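Below is one structure, written out as structure tokens; the observations come after it.
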Amino acid sequence: MLEGRPQRVVGVLGGMGPEATVDFMAKIVSRTAARRDQDHLHLLIDHNPGIPDRHAAIAGDAPSIGPQLAAMAHRLELAGADFLVMVCNTAHAYTQDIRAAISIPFISMVDLAVDALRDYEVTRVGIMAAEGCLRAGLYQRALQGAGYGCVTWEEQSLQAFMQLLYRVKAGERGDELTSALRELAAELEQRGAEVIVAACTEIPLI
């Protein structure tokens, strides 16, 4: 942190899932150029694993989680956050609910991912994402709006990824999961993807 410059407070909607949020926090700490405690970012984190299954809500099999996410966002703003981020791709389906509940910026990881693709000379992007995220079309809309073609899995492969995802959430790790994830990534490449967006915060845990 530069001397004399007021530090902005980052509000984090987390807990979806818990380990992904911890991984996110660890990356912030490790990538901050700090020589002392005071150089690190000020984070306010609502680590709420009680948010119901996002995929069921998006499929219409469960109530919307929008009101709960909006309440989390509002609390973070009241606590002093200057802007918000959320550690769950699928939950970005409720971005409108979140933004309607606050007067501070909510920074979308979907938008950031699409912006990052400008560093690559590609036209077709593979989307490695969970069922709810794909069903909601979050990355498809953003990518197509930016002029990219999208490559996604067939249903069988999507369900295979969902099985991997829930195993990771249950604490499983190991070479089997890593190998299975690589096979799913290779399928997207075989279908024409020139680059792949890892659009699920559990992927770095594998």
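Following the order of the structure tokens, first chain is A, next is B, and so on, with residues numbered from 1 inside each chain and ligands from 1 in the order they appear.
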Residues of stretch 114-151 of chain A within 7 Å of stretch 193-197 of chain A: nearest atom pair and distance (Å, one decimal) for each, counting only C-alpha atoms, sorted by chain and number, as JSON lines?
```
{"residue": "A:Val122", "atom": "CA", "partner": "A:Glu194", "partner_atom": "CA", "distance": 6.1}
{"residue": "A:Arg124", "atom": "CA", "partner": "A:Ala193", "partner_atom": "CA", "distance": 5.2}
{"residue": "A:Val125", "atom": "CA", "partner": "A:Ala193", "partner_atom": "CA", "distance": 5.1}
{"residue": "A:Gly126", "atom": "CA", "partner": "A:Ile196", "partner_atom": "CA", "distance": 4.4}
{"residue": "A:Ile127", "atom": "CA", "partner": "A:Val197", "partner_atom": "CA", "distance": 5.2}
{"residue": "A:Met128", "atom": "CA", "partner": "A:Val197", "partner_atom": "CA", "distance": 6.0}
{"residue": "A:Val151", "atom": "CA", "partner": "A:Ala193", "partner_atom": "CA", "distance": 6.0}
```
Would you put the residues from that selection into a file with C-alpha atoms, as a PDB file, in the first residue's frame?
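Full text of out.pdb as output:
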```
ATOM      1  CA  VAL A 122      -8.106 -16.551 -30.507  1.00  0.00           C
ATOM      2  CA  ARG A 124     -13.066 -19.867 -30.185  1.00  0.00           C
ATOM      3  CA  VAL A 125     -13.163 -20.220 -26.412  1.00  0.00           C
ATOM      4  CA  GLY A 126     -13.848 -23.396 -24.453  1.00  0.00           C
ATOM      5  CA  ILE A 127     -15.952 -22.956 -21.328  1.00  0.00           C
ATOM      6  CA  MET A 128     -15.115 -25.326 -18.488  1.00  0.00           C
ATOM      7  CA  VAL A 151     -17.222 -24.371 -27.200  1.00  0.00           C
TER       8      VAL A 151
END
```
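The environment of stretch 68-82 of chain A within 6 Å, counting only C-alpha atoms and disregarding residues fewer than 4 places along the same chain, consists of Arg8, Val9, Val10, Gly11, Asp97, Ile98, Ala101 and Ile102 of chain A.
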Could you save those same residues with N, CA and C atoms as an mmCIF file, in the first residue's frame?
```cif
data_model
loop_
_atom_site.group_PDB
_atom_site.id
_atom_site.type_symbol
_atom_site.label_atom_id
_atom_site.label_comp_id
_atom_site.auth_asym_id
_atom_site.auth_seq_id
_atom_site.Cartn_x
_atom_site.Cartn_y
_atom_site.Cartn_z
ATOM 1 N N ARG A 8 -8.662 1.058 -0.206
ATOM 2 C CA ARG A 8 -10.038 0.675 -0.489
ATOM 3 C C ARG A 8 -10.314 -0.687 0.137
ATOM 4 N N VAL A 9 -11.532 -0.857 0.602
ATOM 5 C CA VAL A 9 -11.925 -2.086 1.286
ATOM 6 C C VAL A 9 -12.658 -2.991 0.299
ATOM 7 N N VAL A 10 -12.191 -4.221 0.189
ATOM 8 C CA VAL A 10 -12.770 -5.193 -0.738
ATOM 9 C C VAL A 10 -13.773 -6.064 0.007
ATOM 10 N N GLY A 11 -15.005 -6.085 -0.459
ATOM 11 C CA GLY A 11 -16.014 -6.974 0.104
ATOM 12 C C GLY A 11 -16.107 -8.241 -0.726
ATOM 13 N N ASP A 97 -29.565 -9.007 -9.034
ATOM 14 C CA ASP A 97 -30.075 -8.929 -7.662
ATOM 15 C C ASP A 97 -29.059 -8.249 -6.753
ATOM 16 N N ILE A 98 -27.799 -8.604 -6.934
ATOM 17 C CA ILE A 98 -26.739 -8.034 -6.097
ATOM 18 C C ILE A 98 -26.601 -6.542 -6.351
ATOM 19 N N ALA A 101 -29.140 -4.196 -4.891
ATOM 20 C CA ALA A 101 -29.173 -4.069 -3.434
ATOM 21 C C ALA A 101 -28.101 -3.143 -2.880
ATOM 22 N N ILE A 102 -27.197 -2.661 -3.740
ATOM 23 C CA ILE A 102 -26.055 -1.889 -3.254
ATOM 24 C C ILE A 102 -25.852 -0.626 -4.088
#
```
Q.
Let's see if you can do this: from backbone DSSP, list all strand (DSSP E or B) residues in stretch 119-202 of chain A, as number ranges by chain.
A. A: 124-129, 149-151, 195-199
**Q.** In stretch 57-128 of chain A, DSSP alpha helix (DSSP H) residues written as a VMD selection string
**A.** chain A and resid 57 to 59 66 to 78 95 to 100 109 to 116
